[in-house]
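Engineer: This is the structure I have questions about; it appears just below.
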Amino acid sequence: MIRKTLRTGSTVLFLLLSSLSVAAAPDPFDGAIEHARLLGTLPLEGEMFHVQGLELDSRRVWVTSVDQTSHKGYIHEFDRQTGKLRRRLELTDGTKYHPGGISISGGSIWVPVAELKPNSTSVLVEIDADSLRIRRKIQVADHLGCVAASGETLVAGNWDSQLLYIFDLRDMARARTVSNPSPTRYQDMKFVQGQLVAGGSLTLWSGAVDWIDWPSMKRSRTLRAGAIGPIRPLGRGGPYTGEGMAIEGRDLYVVPEDGPSRLFHFRLDAAENRPA
């Protein structure tokens, strides 16, 4: 979410200065993603805006994006083989129009849709993956920018993922928060083999993918990420892990560019896919 406010003028200088002062950031990395090789890219055809989250299955790719000019948010569904747009659903909910990182579990896609400011409000939207119909909405009194889903458990990050919310869908009143165990500003996170895998930005030109043990919420491993290119207007460039991220076994997928976007497919080294 570090790039989220770049278009609001008055915060640009603050973000530039804060990105330079991330003392806990790892050493600079001039590659794409550490211990991973690029296997290919898939152009995603169809109108898309400022990319946020990514999820996929064997047939489909889902990407969330926000049209900051019109104050509207969307989830887009693409054919995984061709990259052609199949359909999209608008997610705008009054002043809440900013969809974030997404996660699929049990046939549902979970999407946080928030106001575009910290310490605000959001709604967790459960969407049927087959019909793209909304199953339910859960109001939350904070900005949420990403969510990971597993059964009845949701883990969501607030603005820049400074706090991670842990929800039990059987009793939302039992929600609790823990501090982010990493300096990474998570944009997308998933439950994978009993761990959380989360990707995001460290600075305007660097990022990381973290493995977080569940339920201890302790970071166990990190892969550094470099930038796809220099920061340019309309959100092009920035860290490979700065926006949408999904993972299947050793296969890591990212969508670091705004529309027109590409799905980047990386293969992690075997040693980096072992249980921590």
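Lettering and numbering for the structure tokens are positional, with chains as A, B, ... in the shown order, residues counted from 1 in each chain, and ligands counted from 1 in the shown order.
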Env of A:Pro256: 7 Å cut, atoms = only C-alpha atoms, seq-sep filter 3 positions within chain, self excluded. Answer as an MDAnalysis selection string.
Structural biologist: chainID A and resid 239:244
Engineer: Using only C-alpha atoms, determine which residues lie at most 9 Å from A:Trp205, disregarding the query and same-chain residues fewer than 4 positions distant; provide the list as a count of residues only.
Structural biologist: 13
Engineer: Residues of stretch 176-219 of chain A classed as strand (DSSP E) by DSSP on the backbone are to be reported as a PDB file with C-alpha atoms, in the first residue's frame.
Structural biologist:
```pdb
ATOM      1  CA  ARG A 176      -7.811  -9.568  17.868  1.00  0.00           C
ATOM      2  CA  THR A 177      -4.811  -7.740  16.489  1.00  0.00           C
ATOM      3  CA  VAL A 178      -1.087  -8.435  16.443  1.00  0.00           C
ATOM      4  CA  SER A 179       1.739  -6.233  15.239  1.00  0.00           C
ATOM      5  CA  ARG A 185       3.923  -3.304   3.981  1.00  0.00           C
ATOM      6  CA  TYR A 186       1.772  -6.247   2.946  1.00  0.00           C
ATOM      7  CA  GLN A 187      -0.467  -5.839  -0.080  1.00  0.00           C
ATOM      8  CA  ASP A 188      -1.508  -9.466  -0.613  1.00  0.00           C
ATOM      9  CA  MET A 189      -1.400 -12.518   1.649  1.00  0.00           C
ATOM     10  CA  LYS A 190      -2.464 -16.148   1.500  1.00  0.00           C
ATOM     11  CA  PHE A 191      -2.640 -19.219   3.750  1.00  0.00           C
ATOM     12  CA  VAL A 192      -0.288 -21.813   2.204  1.00  0.00           C
ATOM     13  CA  GLN A 195       1.597 -20.746   6.990  1.00  0.00           C
ATOM     14  CA  LEU A 196       0.826 -17.218   5.918  1.00  0.00           C
ATOM     15  CA  VAL A 197       2.690 -16.063   2.820  1.00  0.00           C
ATOM     16  CA  ALA A 198       2.549 -12.297   2.357  1.00  0.00           C
ATOM     17  CA  GLY A 199       4.023  -9.945  -0.212  1.00  0.00           C
ATOM     18  CA  GLY A 200       4.394  -6.196  -0.292  1.00  0.00           C
ATOM     19  CA  SER A 201       6.658  -3.168  -0.435  1.00  0.00           C
ATOM     20  CA  LEU A 202       9.581  -2.080   1.712  1.00  0.00           C
ATOM     21  CA  THR A 203      10.410   1.112  -0.188  1.00  0.00           C
ATOM     22  CA  SER A 206      12.053  -2.754  -3.138  1.00  0.00           C
ATOM     23  CA  GLY A 207       9.778  -5.377  -1.640  1.00  0.00           C
ATOM     24  CA  ALA A 208       9.657  -8.816  -0.090  1.00  0.00           C
ATOM     25  CA  VAL A 209       7.699 -12.037   0.296  1.00  0.00           C
ATOM     26  CA  ASP A 210       7.485 -13.239   3.903  1.00  0.00           C
ATOM     27  CA  TRP A 211       6.540 -16.609   5.392  1.00  0.00           C
ATOM     28  CA  ILE A 212       4.786 -16.210   8.760  1.00  0.00           C
ATOM     29  CA  ASP A 213       4.219 -19.181  11.042  1.00  0.00           C
ATOM     30  CA  ARG A 219       8.182 -14.422  10.555  1.00  0.00           C
TER      31      ARG A 219
END
```
Engineer: Give me, as a VMD selection string, all polymer residues having an atom no more than 9 Å from A:Lys84, counting only C-alpha atoms and skipping those fewer than 5 positions away in the same chain.
Structural biologist: chain A and resid 43 to 46 77 to 79
Engineer: Would you mind listing what lies within 9 Å of A:Ala149 as a ChimeraX atom specification, with only C-alpha atoms counted and same-chain residues fewer than 3 positions away left out?
Structural biologist: /A:102-105,109-110,152-156,189-191
Engineer: Looking at A:His50, A:Glu34, A:Ala175, A:Leu56, which one is nearest to A:Ser70, with distances taken over only C-alpha atoms?
Structural biologist: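 For A:Ser70, the nearest of the given residues is A:His50.
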